[in-house]
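*Asks:* Before we start, here is the structure in question, set down as structure tokens.
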Amino acid sequence: MNDTVAARLKAVAGPGGFSEDPAEIAPHLEEWRSRYKGRASLLLKPSTTAEVSAILAICNETRTPVVPQAGNTGLVGAQIPFDNEVLLSLSRLNRIRTVDAADSSMIAEAGVVLEAAKLAADDKGLLLPLSLASEGSCTVGGTISTNAGGVNVLRYGMAREQVLGLEVVLADGRVLDLLRTLRKDNTGYDLKQMFIGAEGTLGIVTAAALKLFPKPAVSCTAFLAVPDVKAALAVLARLQSATGSLVNAFEILPHNGMELVLAHIPGTSDPFRVPSPWYVLCEASGAEGLEQIFEGALAVALSDGLASDAVIASSEAQRSALWKLRESMSEAQKKEGASLKHDVAVPVARVADFLDKASAAIAAAVPDGQPVPFGHLGDGNIHFNIQAAKGADVAHFLARWDEIARIVHDVVRDFGGSFSAEHGIGVMKRADLARYKSPVEIDLMRALKRTLDPNNILNPGKLVPE
């Protein structure tokens, strides 16, 4: 990028809308796991869709690559500039344009922090059900561009299911205004779907119309000790049947994962006196009277031997303490040391068999590592992480990341699953995409990229295999 192009871009962003200060840019160049570190000399911070439009028009004209970034909470390197591209932060597009209680919808700009969007809905007595561990820093635009999942997918679906409409700036600067809040619109291609989960490679999301729901009157949360994953799945089936599919979260943790949380996360404690091989955190929400149904179903599960113990939260403080055990898993693993991460999904009914086969494969291939699988059992998404054993050669262990990922992902394929359930592709998993997707799927992805971004300026080197 020459000085003339840089000057044009800075003029569009205006005073306060750009930075060339290495200290300010530095936090944008490293992702949470510290696996990827990038390089950029110009950070643009537009505050309006019109400014994003003008910036992309200049970048397209001059063939200047640009990397969009939201809250920088992604885990596959999609948001990191590696070749001194223009870094475009959406953080200043942070207005909630409307919250319509009668329509049960919200229009929020891309830079709105997800937690702020949820609070705005809550103020109107409504629920935005997207719930992620990073919701205090991730944003609406990033959540949509990665099609994030989280703990409520079981009941409400991925981010894709919460999107009614989008505002997107295309590579050439044109604004595609699809900010409709209609529940039914059968007028041809559903164009917004192309940009959800596209990781900024086809256009830059600047605002979204989101679906809201009535806020449940009652929420029931329980933590269970279970002997194995098959028993946990049986509990899930019992709860869904008893509540009429009102279970919105059903999470699983292994014993060794619980040990890491208790060792590294202050303020946590084991709800049970006797350790268990596995733990379940489950939650259901609905109308008054749900508590009796929920507790009754758990009592039957205990009497049938599907669980050995259970704790039901009786206050918000107790609920938060139970959720802290689950949501601290990633942080605890990071504090423990090196680990290899895998974000996979298989059919729910096959999770137990998958874990058996994948764990056996890892035991044979990685004697200096230990599986710590946890996550969203209710929708089949398991974070199959492998923790380095104490005393392991960390450099050698991490150097095997791609090799070990291939072993895990081959098992996932054998079970008809996905090697990326909710984290996306970014730069980390492009080779996996080329390996596990069919040639027809890859051809269509490349065709979309060529059509919408013929000069390849939008997040080049991410997601789409070369």
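Chains: A, B, ... in order of the structure tokens. Residues: from 1 per chain. Ligands: from 1, in order shown.
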Mind checking which residues fall within 10 Å of A:Asp103, counting only C-alpha atoms, ignoring those fewer than 4 positions away in the same chain, and posting them as a list in words?
*Replies:*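 The filter keeps Val99, Thr181, Leu182, Lys211, Leu212 and Phe213 of chain A.
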*Asks:* With C-alpha atoms retained, export the selected residues as a PDB file, in the first residue's frame.
*Replies:*
ATOM      1  CA  VAL A  99     -35.474  -2.663  19.687  1.00  0.00           C
ATOM      2  CA  THR A 181     -37.405  -8.199  10.117  1.00  0.00           C
ATOM      3  CA  LEU A 182     -39.810 -10.422   8.193  1.00  0.00           C
ATOM      4  CA  LYS A 211     -34.820 -12.284  16.235  1.00  0.00           C
ATOM      5  CA  LEU A 212     -35.873 -11.866  19.874  1.00  0.00           C
ATOM      6  CA  PHE A 213     -37.964 -14.149  22.066  1.00  0.00           C
TER       7      PHE A 213
END
*Asks:* Set the distance at 10 Å and use only C-alpha atoms: which residues neighbour A:Glu403 once local chain neighbours fewer than 5 positions away are removed? I'd like the list as a short mmCIF file (atom, residue, chain, number, x, y, z; two decimals) with C-alpha atoms, in the first residue's frame.
*Replies:*
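Printed below is result-v2.cif as written:
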data_model
loop_
_atom_site.label_atom_id
_atom_site.label_comp_id
_atom_site.auth_asym_id
_atom_site.auth_seq_id
_atom_site.Cartn_x
_atom_site.Cartn_y
_atom_site.Cartn_z
CA ALA A 365 -0.59 -41.63 19.14
CA LEU A 398 2.60 -28.36 19.92
CA VAL A 408 -9.09 -36.63 15.40
#
*Asks:* Contacts of A:Val113 at 12 Å or less, counting only C-alpha atoms, minus same-chain residues fewer than 5 places along, as a PDB file with C-alpha atoms, in the first residue's frame?
*Replies:*
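out.pdb, freshly written:
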ATOM      1  CA  ALA A  70     -14.762  -7.406  15.342  1.00  0.00           C
ATOM      2  CA  GLY A  71     -14.062  -8.316  18.975  1.00  0.00           C
ATOM      3  CA  ASN A  72     -10.926 -10.350  18.166  1.00  0.00           C
ATOM      4  CA  THR A  73     -12.278 -13.364  20.032  1.00  0.00           C
ATOM      5  CA  LEU A  90     -15.871  -2.453  13.331  1.00  0.00           C
ATOM      6  CA  SER A  91     -15.718  -1.424  16.994  1.00  0.00           C
ATOM      7  CA  ARG A  92     -17.071   2.109  16.406  1.00  0.00           C
ATOM      8  CA  LEU A  93     -20.169   0.833  14.604  1.00  0.00           C
ATOM      9  CA  ASN A  94     -21.671   0.215  18.010  1.00  0.00           C
ATOM     10  CA  ARG A  95     -25.208   1.584  17.944  1.00  0.00           C
ATOM     11  CA  ILE A  96     -28.374  -0.341  18.643  1.00  0.00           C
ATOM     12  CA  ALA A 108     -27.828  -3.680  15.983  1.00  0.00           C
ATOM     13  CA  LYS A 118     -28.622  -9.039  25.205  1.00  0.00           C
ATOM     14  CA  LEU A 119     -29.096  -6.388  27.908  1.00  0.00           C
ATOM     15  CA  ALA A 120     -30.946  -4.115  25.484  1.00  0.00           C
ATOM     16  CA  LEU A 130     -27.107 -16.212  21.721  1.00  0.00           C
ATOM     17  CA  SER A 131     -24.896 -17.048  24.686  1.00  0.00           C
ATOM     18  CA  LEU A 132     -21.122 -17.415  24.430  1.00  0.00           C
ATOM     19  CA  SER A 134     -16.866 -14.449  25.189  1.00  0.00           C
ATOM     20  CA  GLU A 135     -20.101 -12.439  25.068  1.00  0.00           C
ATOM     21  CA  GLY A 136     -18.560  -9.658  27.151  1.00  0.00           C
ATOM     22  CA  SER A 137     -16.144  -8.876  24.306  1.00  0.00           C
ATOM     23  CA  CYS A 138     -17.354 -10.554  21.104  1.00  0.00           C
ATOM     24  CA  THR A 139     -19.595  -8.465  18.858  1.00  0.00           C
ATOM     25  CA  VAL A 140     -22.750  -8.900  16.821  1.00  0.00           C
ATOM     26  CA  GLY A 141     -20.867  -8.668  13.521  1.00  0.00           C
ATOM     27  CA  GLY A 142     -18.198 -11.167  14.474  1.00  0.00           C
ATOM     28  CA  THR A 143     -20.740 -13.556  15.935  1.00  0.00           C
TER      29      THR A 143
END
*Asks:* Name the closest residue to A:Val226 among the candidates A:Gly296, A:Gly173, A:Pro271, A:Gly305; distances are taken between atoms, counting only C-alpha atoms.
*Replies:*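 Nearest candidate to A:Val226 out of A:Gly296, A:Gly173, A:Pro271, A:Gly305: A:Gly305.
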*Asks:* List every residue of stretch 81-234 of chain A that DSSP, applied to the backbone of this structure, assigns to strand (DSSP E or B), and report them as a PyMOL selection string.
*Replies:* chain A and resi 86-89+96-100+105-109+113+126-127+131+139+150+163-169+175-178+204-211+213-214+218-226
*Asks:* With N, CA and C atoms kept, could you save the residues just selected as a short mmCIF file (atom, residue, chain, number, x, y, z; two decimals), in the first residue's frame?
*Replies:*
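Here's the written file again.cif:
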data_model
loop_
_atom_site.label_atom_id
_atom_site.label_comp_id
_atom_site.auth_asym_id
_atom_site.auth_seq_id
_atom_site.Cartn_x
_atom_site.Cartn_y
_atom_site.Cartn_z
N VAL A 86 -4.63 -3.80 5.27
CA VAL A 86 -5.37 -2.81 6.05
C VAL A 86 -6.21 -3.56 7.08
N LEU A 87 -6.12 -3.16 8.32
CA LEU A 87 -6.91 -3.77 9.38
C LEU A 87 -8.11 -2.87 9.65
N LEU A 88 -9.31 -3.41 9.44
CA LEU A 88 -10.53 -2.62 9.56
C LEU A 88 -11.33 -3.10 10.77
N SER A 89 -11.34 -2.28 11.81
CA SER A 89 -12.08 -2.61 13.02
C SER A 89 -13.50 -2.06 12.94
N ILE A 96 -27.16 0.47 18.77
CA ILE A 96 -28.37 -0.34 18.64
C ILE A 96 -29.42 0.57 18.03
N ARG A 97 -29.78 0.31 16.81
CA ARG A 97 -30.65 1.23 16.07
C ARG A 97 -32.10 1.13 16.54
N THR A 98 -32.58 -0.07 16.74
CA THR A 98 -33.96 -0.23 17.20
C THR A 98 -34.08 -1.49 18.05
N VAL A 99 -35.00 -1.46 19.00
CA VAL A 99 -35.47 -2.66 19.69
C VAL A 99 -36.98 -2.58 19.65
N ASP A 100 -37.61 -3.45 18.90
CA ASP A 100 -39.05 -3.41 18.67
C ASP A 100 -39.71 -4.55 19.44
N SER A 105 -37.92 -7.95 17.65
CA SER A 105 -36.73 -7.85 16.81
C SER A 105 -35.85 -6.70 17.28
N MET A 106 -34.62 -6.74 16.85
CA MET A 106 -33.63 -5.72 17.17
C MET A 106 -32.77 -5.50 15.94
N ILE A 107 -32.38 -4.25 15.71
CA ILE A 107 -31.38 -3.95 14.69
C ILE A 107 -30.16 -3.37 15.39
N ALA A 108 -29.05 -4.07 15.29
CA ALA A 108 -27.83 -3.68 15.98
C ALA A 108 -26.68 -3.62 14.99
N GLU A 109 -25.79 -2.64 15.18
CA GLU A 109 -24.63 -2.54 14.31
C GLU A 109 -23.59 -3.59 14.66
N VAL A 113 -21.29 -4.97 21.28
CA VAL A 113 -20.87 -6.14 22.06
C VAL A 113 -22.10 -7.01 22.34
N LEU A 126 -37.42 -9.00 26.71
CA LEU A 126 -37.21 -9.98 25.65
C LEU A 126 -35.86 -10.66 25.81
N LEU A 127 -35.67 -11.72 25.06
CA LEU A 127 -34.46 -12.53 25.16
C LEU A 127 -33.77 -12.62 23.81
N SER A 131 -25.62 -17.09 23.42
CA SER A 131 -24.90 -17.05 24.69
C SER A 131 -23.55 -17.72 24.52
N THR A 139 -18.63 -9.42 19.37
CA THR A 139 -19.59 -8.47 18.86
C THR A 139 -20.63 -9.13 17.96
N GLY A 150 -22.43 -21.57 20.82
CA GLY A 150 -22.63 -21.28 22.24
C GLY A 150 -23.49 -22.33 22.92
N VAL A 163 -30.77 -14.59 12.87
CA VAL A 163 -30.64 -13.45 11.96
C VAL A 163 -31.86 -13.35 11.05
N LEU A 164 -32.54 -12.21 11.12
CA LEU A 164 -33.66 -11.94 10.22
C LEU A 164 -33.21 -11.17 8.98
N GLY A 165 -32.22 -10.34 9.13
CA GLY A 165 -31.75 -9.53 8.00
C GLY A 165 -30.35 -9.00 8.26
N LEU A 166 -29.71 -8.53 7.19
CA LEU A 166 -28.34 -8.01 7.30
C LEU A 166 -28.17 -6.76 6.46
N GLU A 167 -27.22 -5.95 6.89
CA GLU A 167 -26.67 -4.88 6.07
C GLU A 167 -25.20 -5.26 5.83
N VAL A 168 -24.83 -5.33 4.56
CA VAL A 168 -23.49 -5.81 4.20
C VAL A 168 -22.88 -4.86 3.18
N VAL A 169 -21.61 -4.53 3.39
CA VAL A 169 -20.87 -3.78 2.38
C VAL A 169 -20.09 -4.77 1.53
N VAL A 175 -23.53 -1.12 -0.93
CA VAL A 175 -24.19 -1.55 0.30
C VAL A 175 -25.40 -2.41 -0.05
N LEU A 176 -25.40 -3.62 0.45
CA LEU A 176 -26.52 -4.53 0.27
C LEU A 176 -27.41 -4.42 1.51
N ASP A 177 -28.56 -3.77 1.34
CA ASP A 177 -29.45 -3.52 2.47
C ASP A 177 -30.53 -4.60 2.52
N LEU A 178 -30.34 -5.53 3.44
CA LEU A 178 -31.30 -6.61 3.65
C LEU A 178 -31.84 -6.58 5.08
N ILE A 204 -18.60 -7.35 4.19
CA ILE A 204 -18.43 -6.98 5.59
C ILE A 204 -19.78 -6.62 6.19
N VAL A 205 -20.21 -7.39 7.17
CA VAL A 205 -21.47 -7.14 7.87
C VAL A 205 -21.33 -5.87 8.70
N THR A 206 -22.24 -4.91 8.48
CA THR A 206 -22.20 -3.67 9.26
C THR A 206 -23.38 -3.53 10.22
N ALA A 207 -24.45 -4.29 9.99
CA ALA A 207 -25.59 -4.27 10.91
C ALA A 207 -26.42 -5.53 10.69
N ALA A 208 -27.22 -5.86 11.69
CA ALA A 208 -28.04 -7.07 11.60
C ALA A 208 -29.39 -6.85 12.27
N ALA A 209 -30.41 -7.43 11.67
CA ALA A 209 -31.73 -7.52 12.30
C ALA A 209 -31.80 -8.88 12.97
N LEU A 210 -32.03 -8.88 14.28
CA LEU A 210 -31.97 -10.10 15.08
C LEU A 210 -33.34 -10.47 15.62
N LYS A 211 -33.57 -11.75 15.71
CA LYS A 211 -34.82 -12.28 16.24
C LYS A 211 -34.75 -12.32 17.76
N PHE A 213 -36.98 -13.20 21.55
CA PHE A 213 -37.96 -14.15 22.07
C PHE A 213 -38.53 -13.63 23.39
N PRO A 214 -39.71 -14.10 23.78
CA PRO A 214 -40.22 -13.75 25.11
C PRO A 214 -39.25 -14.24 26.18
N VAL A 218 -39.33 -18.64 34.12
CA VAL A 218 -38.61 -19.52 35.04
C VAL A 218 -37.40 -20.12 34.34
N SER A 219 -36.30 -20.20 35.05
CA SER A 219 -35.12 -20.89 34.54
C SER A 219 -34.65 -21.88 35.59
N CYS A 220 -34.42 -23.11 35.19
CA CYS A 220 -34.00 -24.17 36.10
C CYS A 220 -32.63 -24.66 35.69
N THR A 221 -31.68 -24.68 36.63
CA THR A 221 -30.32 -25.08 36.34
C THR A 221 -29.89 -26.16 37.31
N ALA A 222 -29.27 -27.21 36.79
CA ALA A 222 -28.82 -28.32 37.64
C ALA A 222 -27.44 -28.78 37.21
N PHE A 223 -26.69 -29.30 38.18
CA PHE A 223 -25.38 -29.89 37.93
C PHE A 223 -25.45 -31.34 38.39
N LEU A 224 -25.09 -32.27 37.52
CA LEU A 224 -25.27 -33.70 37.80
C LEU A 224 -23.93 -34.43 37.76
N ALA A 225 -23.82 -35.46 38.55
CA ALA A 225 -22.71 -36.40 38.47
C ALA A 225 -23.23 -37.64 37.74
N VAL A 226 -22.60 -37.99 36.62
CA VAL A 226 -23.07 -39.13 35.83
C VAL A 226 -21.91 -40.10 35.59
#
*Asks:* Rank A:Asp304, A:Arg238, A:Asp379, A:Val229 by their smallest atom-to-atom distance to A:Tyr156, using only C-alpha atoms, and report the top residue only.
*Replies:*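 Closest to A:Tyr156, using only C-alpha atoms: A:Asp379.
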*Asks:* Any idea what's packed within 6 Å of stretch 330-341 of chain A, counting only C-alpha atoms, ignoring anything in its chain fewer than 5 positions away? Could you give it as a list in words?
*Replies:*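 Once the adjacent positions are removed, what remains is Leu260, Val261, His264, Asn385, Ile386, Gln387 and Ala388 of chain A.
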*Asks:* Can you work out the spacing between atom CA of A:His383 and atom CA of A:Phe415 in Å, to one decimal?
*Replies:*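 Result for atom CA of A:His383 versus atom CA of A:Phe415: 15.6 Å, one decimal.
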*Asks:* Residues near stretch 306-323 of chain A, anyone? I mean within 9 Å using only C-alpha atoms, not counting same-chain ones fewer than 3 positions away, as a VMD selection string.
*Replies:* chain A and resid 220 to 228 230 to 232 234 to 235 267 to 269 271 to 272 276 281 295 298 to 303 326 to 328
*Asks:* Keeping only C-alpha atoms, write those residues as a PDB file, in the first residue's frame.
*Replies:*
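Saved result, again.pdb, follows:
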ATOM      1  CA  CYS A 220     -33.999 -24.169  36.098  1.00  0.00           C
ATOM      2  CA  THR A 221     -30.318 -25.079  36.339  1.00  0.00           C
ATOM      3  CA  ALA A 222     -28.815 -28.320  37.635  1.00  0.00           C
ATOM      4  CA  PHE A 223     -25.379 -29.894  37.926  1.00  0.00           C
ATOM      5  CA  LEU A 224     -25.269 -33.696  37.804  1.00  0.00           C
ATOM      6  CA  ALA A 225     -22.713 -36.402  38.469  1.00  0.00           C
ATOM      7  CA  VAL A 226     -23.066 -39.125  35.828  1.00  0.00           C
ATOM      8  CA  PRO A 227     -21.161 -42.388  35.263  1.00  0.00           C
ATOM      9  CA  ASP A 228     -20.654 -42.015  31.511  1.00  0.00           C
ATOM     10  CA  LYS A 230     -24.415 -42.633  27.463  1.00  0.00           C
ATOM     11  CA  ALA A 231     -26.073 -42.042  30.815  1.00  0.00           C
ATOM     12  CA  ALA A 232     -25.852 -38.297  30.207  1.00  0.00           C
ATOM     13  CA  ALA A 234     -30.339 -40.726  28.555  1.00  0.00           C
ATOM     14  CA  VAL A 235     -30.827 -37.882  31.042  1.00  0.00           C
ATOM     15  CA  GLY A 267     -13.856 -19.027  43.577  1.00  0.00           C
ATOM     16  CA  THR A 268     -14.796 -22.444  42.194  1.00  0.00           C
ATOM     17  CA  SER A 269     -15.724 -25.504  44.236  1.00  0.00           C
ATOM     18  CA  PRO A 271     -20.651 -29.310  44.219  1.00  0.00           C
ATOM     19  CA  PHE A 272     -20.205 -32.949  45.257  1.00  0.00           C
ATOM     20  CA  SER A 276     -17.565 -38.449  39.322  1.00  0.00           C
ATOM     21  CA  LEU A 281     -24.687 -28.880  33.493  1.00  0.00           C
ATOM     22  CA  GLU A 295     -36.926 -31.612  39.408  1.00  0.00           C
ATOM     23  CA  LEU A 298     -34.065 -35.434  37.587  1.00  0.00           C
ATOM     24  CA  ALA A 299     -35.374 -37.410  40.573  1.00  0.00           C
ATOM     25  CA  VAL A 300     -36.382 -40.260  38.255  1.00  0.00           C
ATOM     26  CA  ALA A 301     -32.981 -40.147  36.550  1.00  0.00           C
ATOM     27  CA  LEU A 302     -31.302 -40.450  39.963  1.00  0.00           C
ATOM     28  CA  SER A 303     -33.497 -43.338  41.041  1.00  0.00           C
ATOM     29  CA  ARG A 326     -18.302 -24.989  32.696  1.00  0.00           C
ATOM     30  CA  GLU A 327     -17.355 -21.623  31.240  1.00  0.00           C
ATOM     31  CA  SER A 328     -13.913 -21.660  32.867  1.00  0.00           C
TER      32      SER A 328
END
*Asks:* For the structure I just gave you, how does DSSP split stretch 115-259 of chain A - specifically, which residues are alpha helix (DSSP H)? Reply as a ChimeraX atom specification.
*Replies:* /A:115-123,140-145,153-156,159-162,229-243,255-259
*Asks:* Go ahead and write the selection's residues with C-alpha atoms as a CSV table (one decimal), in the first residue's frame.
*Replies:*
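Result written to selection08.csv:
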chain,number,residue,atom,x,y,z
A,115,GLU,CA,-23.6,-8.7,26.0
A,116,ALA,CA,-24.9,-5.2,25.4
A,117,ALA,CA,-27.3,-6.4,22.8
A,118,LYS,CA,-28.6,-9.0,25.2
A,119,LEU,CA,-29.1,-6.4,27.9
A,120,ALA,CA,-30.9,-4.1,25.5
A,121,ALA,CA,-33.3,-6.9,24.7
A,122,ASP,CA,-33.7,-7.7,28.4
A,123,ASP,CA,-34.7,-4.1,29.1
A,140,VAL,CA,-22.7,-8.9,16.8
A,141,GLY,CA,-20.9,-8.7,13.5
A,142,GLY,CA,-18.2,-11.2,14.5
A,143,THR,CA,-20.7,-13.6,15.9
A,144,ILE,CA,-22.7,-13.5,12.7
A,145,SER,CA,-19.6,-13.7,10.4
A,153,VAL,CA,-27.9,-24.0,20.3
A,154,LEU,CA,-29.8,-27.0,21.5
A,155,ARG,CA,-33.0,-24.9,21.7
A,156,TYR,CA,-32.5,-21.8,19.7
A,159,ALA,CA,-26.3,-17.5,15.1
A,160,ARG,CA,-27.7,-18.1,11.7
A,161,GLU,CA,-31.1,-19.0,13.2
A,162,GLN,CA,-31.2,-15.6,15.0
A,229,VAL,CA,-21.7,-40.1,28.4
A,230,LYS,CA,-24.4,-42.6,27.5
A,231,ALA,CA,-26.1,-42.0,30.8
A,232,ALA,CA,-25.9,-38.3,30.2
A,233,LEU,CA,-27.6,-38.7,26.9
A,234,ALA,CA,-30.3,-40.7,28.6
A,235,VAL,CA,-30.8,-37.9,31.0
A,236,LEU,CA,-31.1,-35.4,28.2
A,237,ALA,CA,-33.8,-37.5,26.5
A,238,ARG,CA,-35.7,-37.7,29.8
A,239,LEU,CA,-35.6,-34.0,30.4
A,240,GLN,CA,-36.6,-33.1,26.8
A,241,SER,CA,-39.6,-35.5,27.0
A,242,ALA,CA,-40.7,-34.3,30.4
A,243,THR,CA,-40.4,-30.5,29.7
A,255,HIS,CA,-13.5,-35.4,35.8
A,256,ASN,CA,-10.0,-34.3,34.6
A,257,GLY,CA,-11.5,-31.1,33.3
A,258,MET,CA,-13.2,-30.4,36.6
A,259,GLU,CA,-9.9,-30.9,38.3
*Asks:* From the set A:Lys390, A:Arg8, A:Gly203, A:Lys357, which residue has the shortest atom-to-atom contact distance to A:Ala171, counting only C-alpha atoms?
*Replies:* A:Gly203
*Asks:* Would you pick out the contacts of A:Glu85 at 7 Å or less, using only C-alpha atoms, so that residues sharing its chain but fewer than 4 positions from it are not included, and give the list as a ChimeraX atom specification?
*Replies:* /A:40,65-67,81
